[in-house]
file coords_26.cif (mmCIF, C-alpha atoms and all ligand atoms)
data_entry
#
loop_
_atom_site.label_atom_id
_atom_site.label_comp_id
_atom_site.auth_asym_id
_atom_site.auth_seq_id
_atom_site.Cartn_x
_atom_site.Cartn_y
_atom_site.Cartn_z
CA MET A 1 62.21 29.08 126.23
CA LEU A 2 63.68 25.77 125.04
CA GLU A 3 63.85 22.47 126.88
CA VAL A 4 65.58 19.37 125.60
CA LYS A 5 64.93 16.08 127.38
CA GLU A 6 66.90 12.87 126.95
CA LEU A 7 67.50 13.34 123.24
CA HIS A 8 68.99 10.50 121.20
CA TYR A 9 69.79 10.57 117.49
CA LYS A 10 71.24 7.46 115.81
CA HIS A 11 74.71 6.77 117.22
CA ILE A 12 75.46 10.50 117.17
CA LEU A 13 73.60 12.09 120.12
CA LYS A 14 73.16 10.31 123.43
CA ASP A 15 70.93 11.33 126.31
CA ILE A 16 71.11 15.09 125.75
CA SER A 17 69.17 17.21 128.26
CA PHE A 18 69.41 20.95 128.81
CA ALA A 19 67.30 24.10 128.89
CA VAL A 20 67.68 27.64 127.57
CA LYS A 21 65.94 30.47 129.39
CA GLU A 22 64.37 33.52 127.75
CA GLY A 23 67.08 36.07 127.02
CA GLU A 24 69.88 33.59 127.71
CA ILE A 25 73.02 33.24 125.58
CA LEU A 26 74.14 29.63 125.57
CA VAL A 27 77.23 28.33 123.77
CA VAL A 28 77.80 24.70 122.84
CA LEU A 29 81.49 23.89 122.72
CA GLY A 30 83.10 20.63 121.67
CA PRO A 31 85.61 18.98 119.34
CA ASN A 32 85.00 18.29 115.65
CA GLY A 33 82.50 15.51 115.16
CA ALA A 34 81.11 15.81 118.71
CA GLY A 35 77.54 16.16 117.44
CA LYS A 36 76.94 19.92 117.65
CA THR A 37 75.52 20.43 114.16
CA THR A 38 73.38 17.31 114.53
CA LEU A 39 72.03 18.75 117.78
CA PHE A 40 71.24 22.07 116.07
CA ARG A 41 69.47 20.20 113.26
CA CYS A 42 67.31 18.38 115.83
CA LEU A 43 66.55 21.67 117.62
CA ALA A 44 65.46 23.29 114.34
CA ARG A 45 63.33 20.22 113.50
CA LEU A 46 65.32 19.47 110.34
CA ILE A 47 65.87 15.91 111.57
CA LYS A 48 63.78 13.86 113.94
CA PRO A 49 65.41 12.46 117.07
CA ASP A 50 64.94 8.72 117.69
CA ARG A 51 64.05 9.36 121.31
CA GLY A 52 63.53 12.28 123.66
CA LYS A 53 61.54 15.49 123.53
CA ILE A 54 62.13 19.12 122.66
CA PHE A 55 59.80 21.79 124.05
CA LEU A 56 59.62 25.36 122.81
CA LEU A 57 57.78 27.70 125.19
CA GLY A 58 56.47 24.57 126.93
CA ARG A 59 54.96 23.10 123.75
CA PRO A 60 56.39 20.02 121.99
CA LEU A 61 58.32 21.06 118.88
CA GLU A 62 56.37 18.68 116.65
CA ASP A 63 53.08 20.43 117.54
CA TYR A 64 54.09 23.65 115.80
CA SER A 65 53.19 24.40 112.19
CA PRO A 66 56.27 25.38 110.16
CA LYS A 67 55.15 29.02 110.09
CA GLU A 68 54.57 29.15 113.83
CA LEU A 69 57.86 27.44 114.53
CA TYR A 70 60.06 29.55 112.28
CA ARG A 71 58.55 32.80 113.51
CA LEU A 72 59.77 31.82 116.95
CA MET A 73 63.03 30.10 116.00
CA ALA A 74 65.64 30.94 113.38
CA LEU A 75 68.56 28.74 112.37
CA CYS A 76 71.74 30.03 110.81
CA PRO A 77 73.17 26.73 109.54
CA GLN A 78 76.84 25.92 109.11
CA HIS A 79 76.61 26.08 105.31
CA PHE A 80 74.13 27.75 103.02
CA ARG A 81 74.26 26.59 99.43
CA PRO A 82 71.48 28.47 97.62
CA GLU A 83 70.31 26.75 94.44
CA PHE A 84 70.30 30.01 92.52
CA SER A 85 72.65 32.93 92.57
CA TYR A 86 70.48 35.26 94.61
CA LYS A 87 71.49 38.79 95.37
CA VAL A 88 72.44 39.26 99.01
CA TYR A 89 69.39 41.42 99.63
CA THR A 90 67.02 38.75 98.25
CA PHE A 91 68.84 36.06 100.23
CA VAL A 92 68.37 37.99 103.49
CA LEU A 93 64.75 38.75 102.58
CA MET A 94 64.17 34.98 102.43
CA GLY A 95 64.50 35.01 106.21
CA ARG A 96 61.01 36.53 106.12
CA THR A 97 59.45 33.42 104.53
CA PRO A 98 57.58 32.40 107.74
CA TYR A 99 55.67 35.70 107.56
CA LEU A 100 54.55 35.34 103.93
CA SER A 101 51.57 33.51 102.50
CA PRO A 102 52.38 31.15 99.62
CA LEU A 103 53.17 33.15 96.46
CA ALA A 104 52.66 36.44 98.31
CA GLN A 105 55.11 39.28 97.74
CA PRO A 106 57.15 40.59 100.68
CA ARG A 107 55.63 43.70 102.25
CA LYS A 108 57.14 46.92 103.58
CA LYS A 109 57.76 45.35 107.00
CA ASP A 110 59.69 42.48 105.39
CA PHE A 111 61.92 44.80 103.36
CA GLU A 112 62.53 46.86 106.48
CA ALA A 113 63.49 43.78 108.51
CA ALA A 114 65.96 42.66 105.81
CA GLN A 115 67.46 46.14 105.57
CA LYS A 116 67.74 46.43 109.35
CA ALA A 117 69.51 43.05 109.61
CA LEU A 118 72.04 44.07 106.95
CA LYS A 119 72.57 47.39 108.71
CA ILE A 120 73.14 45.80 112.13
CA LEU A 121 76.00 43.77 110.69
CA GLY A 122 77.31 46.62 108.49
CA LEU A 123 76.61 44.72 105.26
CA GLU A 124 74.57 47.23 103.27
CA HIS A 125 77.41 47.60 100.75
CA LEU A 126 76.99 43.92 99.80
CA ALA A 127 73.23 44.11 99.19
CA GLU A 128 73.41 43.99 95.38
CA ARG A 129 76.20 41.39 95.14
CA PRO A 130 75.39 37.75 94.22
CA PHE A 131 75.60 35.64 97.40
CA SER A 132 77.54 32.90 95.59
CA GLU A 133 80.32 35.35 94.68
CA LEU A 134 81.01 36.45 98.25
CA SER A 135 83.99 35.24 100.27
CA GLY A 136 83.42 32.51 102.88
CA GLY A 137 83.46 35.10 105.68
CA GLN A 138 81.09 37.46 103.86
CA GLN A 139 78.69 34.56 103.22
CA ARG A 140 78.79 33.76 106.94
CA LEU A 141 77.94 37.37 107.88
CA VAL A 142 75.09 37.49 105.37
CA SER A 143 73.74 34.17 106.69
CA VAL A 144 73.67 35.64 110.20
CA ALA A 145 71.82 38.68 108.79
CA ARG A 146 69.25 36.37 107.23
CA ALA A 147 68.64 34.72 110.62
CA LEU A 148 68.27 38.16 112.24
CA ALA A 149 65.76 39.23 109.55
CA GLN A 150 63.57 36.35 110.69
CA GLU A 151 62.97 38.30 113.95
CA ALA A 152 62.63 35.13 116.00
CA SER A 153 62.94 35.09 119.78
CA LEU A 154 65.28 32.08 119.71
CA ILE A 155 68.20 32.08 117.27
CA LEU A 156 70.36 29.03 116.68
CA LEU A 157 73.72 29.94 115.18
CA ASP A 158 75.88 27.06 113.99
CA GLU A 159 79.45 28.38 113.83
CA PRO A 160 78.52 31.99 113.06
CA THR A 161 82.18 33.05 113.31
CA ALA A 162 83.66 30.40 110.98
CA PHE A 163 85.81 31.97 108.20
CA LEU A 164 85.68 35.39 109.87
CA ASP A 165 88.81 37.39 110.61
CA LEU A 166 89.47 38.20 114.29
CA ARG A 167 87.88 41.63 114.05
CA HIS A 168 84.68 40.26 112.54
CA GLN A 169 84.55 37.31 114.94
CA PHE A 170 84.56 39.76 117.82
CA LEU A 171 82.24 42.34 116.23
CA VAL A 172 79.64 39.82 115.08
CA MET A 173 79.52 38.25 118.53
CA LYS A 174 79.31 41.68 120.14
CA LYS A 175 76.51 42.83 117.85
CA ILE A 176 74.33 39.73 118.02
CA CYS A 177 74.77 39.48 121.78
CA GLN A 178 73.92 43.19 122.19
CA LEU A 179 70.84 42.69 120.04
CA ALA A 180 69.87 39.67 122.14
CA ARG A 181 70.31 41.60 125.40
CA GLN A 182 68.30 44.59 124.14
CA ASN A 183 65.43 42.46 122.86
CA ASN A 184 65.46 39.60 125.39
CA LEU A 185 66.28 37.09 122.63
CA SER A 186 67.67 33.65 123.43
CA LEU A 187 70.76 32.58 121.49
CA VAL A 188 72.24 29.11 121.15
CA LEU A 189 75.62 29.21 119.46
CA ASN A 190 78.02 26.57 118.28
CA LEU A 191 81.50 28.07 118.59
CA HIS A 192 85.01 26.68 118.34
CA ASP A 193 86.75 29.48 120.22
CA PRO A 194 86.51 29.05 124.00
CA ASN A 195 87.54 32.70 124.50
CA LEU A 196 84.61 34.02 122.48
CA ALA A 197 82.40 31.68 124.48
CA LEU A 198 83.91 32.88 127.78
CA LEU A 199 83.53 36.53 126.75
CA PHE A 200 79.95 36.42 125.54
CA ALA A 201 78.01 33.43 126.88
CA ASP A 202 75.89 33.24 129.99
CA ARG A 203 76.55 29.49 130.05
CA ILE A 204 78.75 27.14 128.05
CA LEU A 205 77.76 23.52 127.55
CA THR A 206 80.48 21.10 126.54
CA ILE A 207 79.81 18.11 124.30
CA LYS A 208 82.04 15.20 123.34
CA ASN A 209 81.28 11.96 121.49
CA GLY A 210 77.60 12.90 121.38
CA ARG A 211 77.26 13.34 125.14
CA LEU A 212 77.02 16.51 127.20
CA MET A 213 80.01 16.76 129.53
CA GLY A 214 78.53 19.51 131.70
CA GLU A 215 78.91 23.25 131.96
CA LEU A 216 82.25 24.92 131.46
CA PRO A 217 83.22 26.63 134.74
CA LYS A 218 84.41 30.24 134.53
CA ASN A 219 87.15 30.03 137.13
CA PRO A 220 90.60 29.87 135.40
CA GLU A 221 91.89 26.66 137.04
CA LYS A 222 88.64 24.79 136.54
CA VAL A 223 88.27 25.98 132.92
CA GLN A 224 91.74 24.70 132.17
CA ILE A 225 91.01 21.23 133.55
CA ALA A 226 87.64 21.03 131.77
CA LEU A 227 89.12 22.10 128.41
CA GLU A 228 92.02 19.66 128.73
CA LYS A 229 89.48 16.88 129.23
CA LEU A 230 87.37 18.11 126.32
CA TYR A 231 90.12 18.60 123.74
CA GLU A 232 92.83 16.28 125.12
CA ILE A 233 95.62 18.88 124.84
CA PRO A 234 97.24 21.03 127.57
CA PHE A 235 95.82 24.52 128.14
CA VAL A 236 96.98 27.69 129.88
CA SER A 237 94.38 29.94 131.50
CA PHE A 238 94.55 33.34 133.17
CA SER A 239 92.41 36.16 134.48
CA TYR A 240 92.28 39.48 132.68
CA GLN A 241 90.09 42.27 134.09
CA GLU A 242 87.87 39.73 135.84
CA ARG A 243 87.53 37.63 132.69
CA THR A 244 88.95 34.17 132.19
CA LEU A 245 90.92 33.64 128.99
CA VAL A 246 92.56 30.45 127.72
CA PHE A 247 94.86 29.19 125.01
CA PRO A 248 96.52 25.87 124.19
CA SER A 249 99.75 25.55 126.10
CA PRO A 250 102.77 26.06 123.81
CA VAL A 251 104.87 23.75 126.06
N1 LIG B 301 73.90 12.36 107.91
C1 LIG B 301 74.79 11.70 108.65
N2 LIG B 301 74.89 10.34 108.57
C2 LIG B 301 75.79 9.68 109.31
N3 LIG B 301 76.64 10.26 110.18
C3 LIG B 301 76.58 11.59 110.28
C4 LIG B 301 75.67 12.38 109.54
N4 LIG B 301 75.85 13.69 109.88
C5 LIG B 301 76.84 13.70 110.78
N5 LIG B 301 77.28 12.44 111.03
C6 LIG B 301 78.34 12.04 111.96
O1 LIG B 301 77.93 12.46 113.26
C7 LIG B 301 79.02 12.93 114.00
C8 LIG B 301 78.72 14.32 114.49
O2 LIG B 301 78.68 15.21 113.38
P1 LIG B 301 78.32 16.75 113.57
O3 LIG B 301 78.39 17.40 112.24
O4 LIG B 301 77.07 16.86 114.32
O5 LIG B 301 79.55 17.20 114.49
P2 LIG B 301 80.01 18.65 114.93
O6 LIG B 301 80.24 18.60 116.40
O7 LIG B 301 79.10 19.69 114.42
O8 LIG B 301 81.42 18.74 114.19
P3 LIG B 301 82.24 19.97 113.57
O9 LIG B 301 82.73 20.77 114.75
O10 LIG B 301 83.35 19.29 112.86
O11 LIG B 301 81.34 20.75 112.67
C9 LIG B 301 80.24 12.84 113.08
O12 LIG B 301 80.94 11.66 113.38
C10 LIG B 301 79.64 12.77 111.70
O13 LIG B 301 80.45 12.04 110.82
#

call {"tool": "encode", "arguments": {"input": "coords_26.cif", "output": "structure tokens"}}
result
Amino acid sequence: MLEVKELHYKHILKDISFAVKEGEILVVLGPNGAGKTTLFRCLARLIKPDRGKIFLLGRPLEDYSPKELYRLMALCPQHFRPEFSYKVYTFVLMGRTPYLSPLAQPRKKDFEAAQKALKILGLEHLAERPFSELSGGQQRLVSVARALAQEASLILLDEPTAFLDLRHQFLVMKKICQLARQNNLSLVLNLHDPNLALLFADRILTIKNGRLMGELPKNPEKVQIALEKLYEIPFVSFSYQERTLVFPSPV
């Protein structure tokens, strides 16, 4: 689906190469300032790498028209700061922009896609509220809904669980991953919680100081060593019902 080859961006990203298969859920995990958002911005063609290539379905990213590209790929960025105080419903409907001709009104299919996205995340009750008046967590959920409304086959989610309470962190991950599994969508997620990554991802890439450090192993001892290297603090890891879980060591 997506192939990244030897990507460099300023002093921030160095020699980044990886691939995402169709239907795969890939998490990028790394400390603050590691370069994750910058990587997502390169992947979504918002900034141009100095060197390296990105291929989407085998075709260089730069060869796509914006409409073609954003029908295939949706980005839920870390922050959305709309210029106007749109209602939530209108904000989510904007995810349909790649399907509309300039100045054309959204059609039935677009309204349905927006409604469906809000329903998947249980946000219908917010539809008439101004986006700017929502809490940080509600804004995050609505931003994910907007990316879902885009109906792309690759969705890039930059910290989709930031500001969410534990219940919503888990439920949002569960719902978007279920949706991806049912529809063979590829997801690339930037997460800060290694447990959410371990629970939901097919693969976890670690990044530090702008360089990929390799895949996070799923075996408890190896995860612990890899996370200690990544975050430079001690970790404890254990197995629970065939899953590996971790937390920073209290001692
Ligand atoms: N526009 C920019 N100009 C210069 N430096 C930048 C710019 N954007 C980001 N950086 C720097 O690049 C590095 C990586 O930033 P980035 O936002 O990609 O990290 P991140 O891994 O997403 O961090 P976080 O987890 O804190 O969101 C940081 O040192 C940051 O200060």

call {"tool": "closest_residue", "arguments": {"input": "coords_26.cif", "among": "A:Pro49, A:Pro66, A:Gly210, A:Pro60", "to": "ligand LIG 301 (chain B)", "atoms": "all atoms listed in the file"}}
result
A:Gly210

call {"tool": "atom_distance", "arguments": {"input": "coords_26.cif", "atom1": "CA of Asn219 in chain A", "atom2": "CA of Phe200 in chain A"}}
result
15.1 Å

call {"tool": "residues_around", "arguments": {"input": "coords_26.cif", "residues": "range 22-32 of chain A", "least_positions_apart": "3", "cutoff": "10 Å", "atoms": "all atoms listed in the file", "output": "PyMOL selection string"}}
result
chain A and resi 1-2+19+35-37+39-40+57+153-159+177+180-194+196-198+200-213+215-216+227+230-232

call {"tool": "write_last_selection", "arguments": {"input": "coords_26.cif", "atoms": "C-alpha atoms", "output": "mmCIF file, keeping the file's coordinate frame"}}
result
data_model
loop_
_atom_site.group_PDB
_atom_site.id
_atom_site.type_symbol
_atom_site.label_atom_id
_atom_site.label_comp_id
_atom_site.auth_asym_id
_atom_site.auth_seq_id
_atom_site.Cartn_x
_atom_site.Cartn_y
_atom_site.Cartn_z
ATOM 1 C CA MET A 1 62.210 29.080 126.230
ATOM 2 C CA LEU A 2 63.680 25.770 125.040
ATOM 3 C CA ALA A 19 67.300 24.100 128.890
ATOM 4 C CA GLY A 35 77.540 16.160 117.440
ATOM 5 C CA LYS A 36 76.940 19.920 117.650
ATOM 6 C CA THR A 37 75.520 20.430 114.160
ATOM 7 C CA LEU A 39 72.030 18.750 117.780
ATOM 8 C CA PHE A 40 71.240 22.070 116.070
ATOM 9 C CA LEU A 57 57.780 27.700 125.190
ATOM 10 C CA SER A 153 62.940 35.090 119.780
ATOM 11 C CA LEU A 154 65.280 32.080 119.710
ATOM 12 C CA ILE A 155 68.200 32.080 117.270
ATOM 13 C CA LEU A 156 70.360 29.030 116.680
ATOM 14 C CA LEU A 157 73.720 29.940 115.180
ATOM 15 C CA ASP A 158 75.880 27.060 113.990
ATOM 16 C CA GLU A 159 79.450 28.380 113.830
ATOM 17 C CA CYS A 177 74.770 39.480 121.780
ATOM 18 C CA ALA A 180 69.870 39.670 122.140
ATOM 19 C CA ARG A 181 70.310 41.600 125.400
ATOM 20 C CA GLN A 182 68.300 44.590 124.140
ATOM 21 C CA ASN A 183 65.430 42.460 122.860
ATOM 22 C CA ASN A 184 65.460 39.600 125.390
ATOM 23 C CA LEU A 185 66.280 37.090 122.630
ATOM 24 C CA SER A 186 67.670 33.650 123.430
ATOM 25 C CA LEU A 187 70.760 32.580 121.490
ATOM 26 C CA VAL A 188 72.240 29.110 121.150
ATOM 27 C CA LEU A 189 75.620 29.210 119.460
ATOM 28 C CA ASN A 190 78.020 26.570 118.280
ATOM 29 C CA LEU A 191 81.500 28.070 118.590
ATOM 30 C CA HIS A 192 85.010 26.680 118.340
ATOM 31 C CA ASP A 193 86.750 29.480 120.220
ATOM 32 C CA PRO A 194 86.510 29.050 124.000
ATOM 33 C CA LEU A 196 84.610 34.020 122.480
ATOM 34 C CA ALA A 197 82.400 31.680 124.480
ATOM 35 C CA LEU A 198 83.910 32.880 127.780
ATOM 36 C CA PHE A 200 79.950 36.420 125.540
ATOM 37 C CA ALA A 201 78.010 33.430 126.880
ATOM 38 C CA ASP A 202 75.890 33.240 129.990
ATOM 39 C CA ARG A 203 76.550 29.490 130.050
ATOM 40 C CA ILE A 204 78.750 27.140 128.050
ATOM 41 C CA LEU A 205 77.760 23.520 127.550
ATOM 42 C CA THR A 206 80.480 21.100 126.540
ATOM 43 C CA ILE A 207 79.810 18.110 124.300
ATOM 44 C CA LYS A 208 82.040 15.200 123.340
ATOM 45 C CA ASN A 209 81.280 11.960 121.490
ATOM 46 C CA GLY A 210 77.600 12.900 121.380
ATOM 47 C CA ARG A 211 77.260 13.340 125.140
ATOM 48 C CA LEU A 212 77.020 16.510 127.200
ATOM 49 C CA MET A 213 80.010 16.760 129.530
ATOM 50 C CA GLU A 215 78.910 23.250 131.960
ATOM 51 C CA LEU A 216 82.250 24.920 131.460
ATOM 52 C CA LEU A 227 89.120 22.100 128.410
ATOM 53 C CA LEU A 230 87.370 18.110 126.320
ATOM 54 C CA TYR A 231 90.120 18.600 123.740
ATOM 55 C CA GLU A 232 92.830 16.280 125.120
#

call {"tool": "atom_distance", "arguments": {"input": "coords_26.cif", "atom1": "CA of Gly52 in chain A", "atom2": "CA of His79 in chain A"}}
result
26.4 Å

call {"tool": "atom_distance", "arguments": {"input": "coords_26.cif", "atom1": "CA of Lys10 in chain A", "atom2": "CA of Ala74 in chain A"}}
result
24.3 Å

call {"tool": "closest_atom_pairs", "arguments": {"input": "coords_26.cif", "of": "range 109-172 of chain A", "to": "range 83-95 of chain A", "cutoff": "6 Å", "atoms": "all atoms listed in the file", "output": "tab-separated table"}}
result
residue	atom	partner	partner_atom	distance
A:Ala114	CA	A:Leu93	CA	5.2
A:Ala127	CA	A:Tyr89	CA	4.7
A:Glu128	CA	A:Lys87	CA	5.5
A:Arg129	CA	A:Lys87	CA	5.4
A:Pro130	CA	A:Lys87	CA	4.2
A:Phe131	CA	A:Val88	CA	5.1
A:Ser132	CA	A:Ser85	CA	5.7
A:Arg146	CA	A:Val92	CA	4.2
A:Ala149	CA	A:Gly95	CA	5.5
A:Gln150	CA	A:Gly95	CA	4.8

call {"tool": "residues_near_point", "arguments": {"input": "coords_26.cif", "point": "(81.6, 36.0, 105.9)", "cutoff": "10 Å", "atoms": "all atoms listed in the file", "output": "PyMOL selection string"}}
result
chain A and resi 134-144+160-165+168-169

call {"tool": "write_last_selection", "arguments": {"input": "coords_26.cif", "atoms": "C-alpha atoms", "output": "mmCIF file, in the frame of the given file"}}
result
data_model
loop_
_atom_site.group_PDB
_atom_site.id
_atom_site.type_symbol
_atom_site.label_atom_id
_atom_site.label_comp_id
_atom_site.auth_asym_id
_atom_site.auth_seq_id
_atom_site.Cartn_x
_atom_site.Cartn_y
_atom_site.Cartn_z
ATOM 1 C CA LEU A 134 81.010 36.450 98.250
ATOM 2 C CA SER A 135 83.990 35.240 100.270
ATOM 3 C CA GLY A 136 83.420 32.510 102.880
ATOM 4 C CA GLY A 137 83.460 35.100 105.680
ATOM 5 C CA GLN A 138 81.090 37.460 103.860
ATOM 6 C CA GLN A 139 78.690 34.560 103.220
ATOM 7 C CA ARG A 140 78.790 33.760 106.940
ATOM 8 C CA LEU A 141 77.940 37.370 107.880
ATOM 9 C CA VAL A 142 75.090 37.490 105.370
ATOM 10 C CA SER A 143 73.740 34.170 106.690
ATOM 11 C CA VAL A 144 73.670 35.640 110.200
ATOM 12 C CA PRO A 160 78.520 31.990 113.060
ATOM 13 C CA THR A 161 82.180 33.050 113.310
ATOM 14 C CA ALA A 162 83.660 30.400 110.980
ATOM 15 C CA PHE A 163 85.810 31.970 108.200
ATOM 16 C CA LEU A 164 85.680 35.390 109.870
ATOM 17 C CA ASP A 165 88.810 37.390 110.610
ATOM 18 C CA HIS A 168 84.680 40.260 112.540
ATOM 19 C CA GLN A 169 84.550 37.310 114.940
#

call {"tool": "closest_residue", "arguments": {"input": "coords_26.cif", "among": "A:Asp50, A:Gln78, A:Ser65, A:His8", "to": "ligand LIG 301 (chain B)", "atoms": "only C-alpha atoms and all ligand atoms"}}
result
A:Gln78

call {"tool": "closest_residue", "arguments": {"input": "coords_26.cif", "among": "A:Glu221, A:Ile120, A:Lys108, A:Leu46", "to": "Gln178 in chain A", "atoms": "all atoms listed in the file"}}
result
A:Ile120

call {"tool": "closest_residue", "arguments": {"input": "coords_26.cif", "among": "A:Val251, A:Ile16, A:Ala34, A:Ala113", "to": "ligand LIG 301 (chain B)", "atoms": "only C-alpha atoms and all ligand atoms"}}
result
A:Ala34
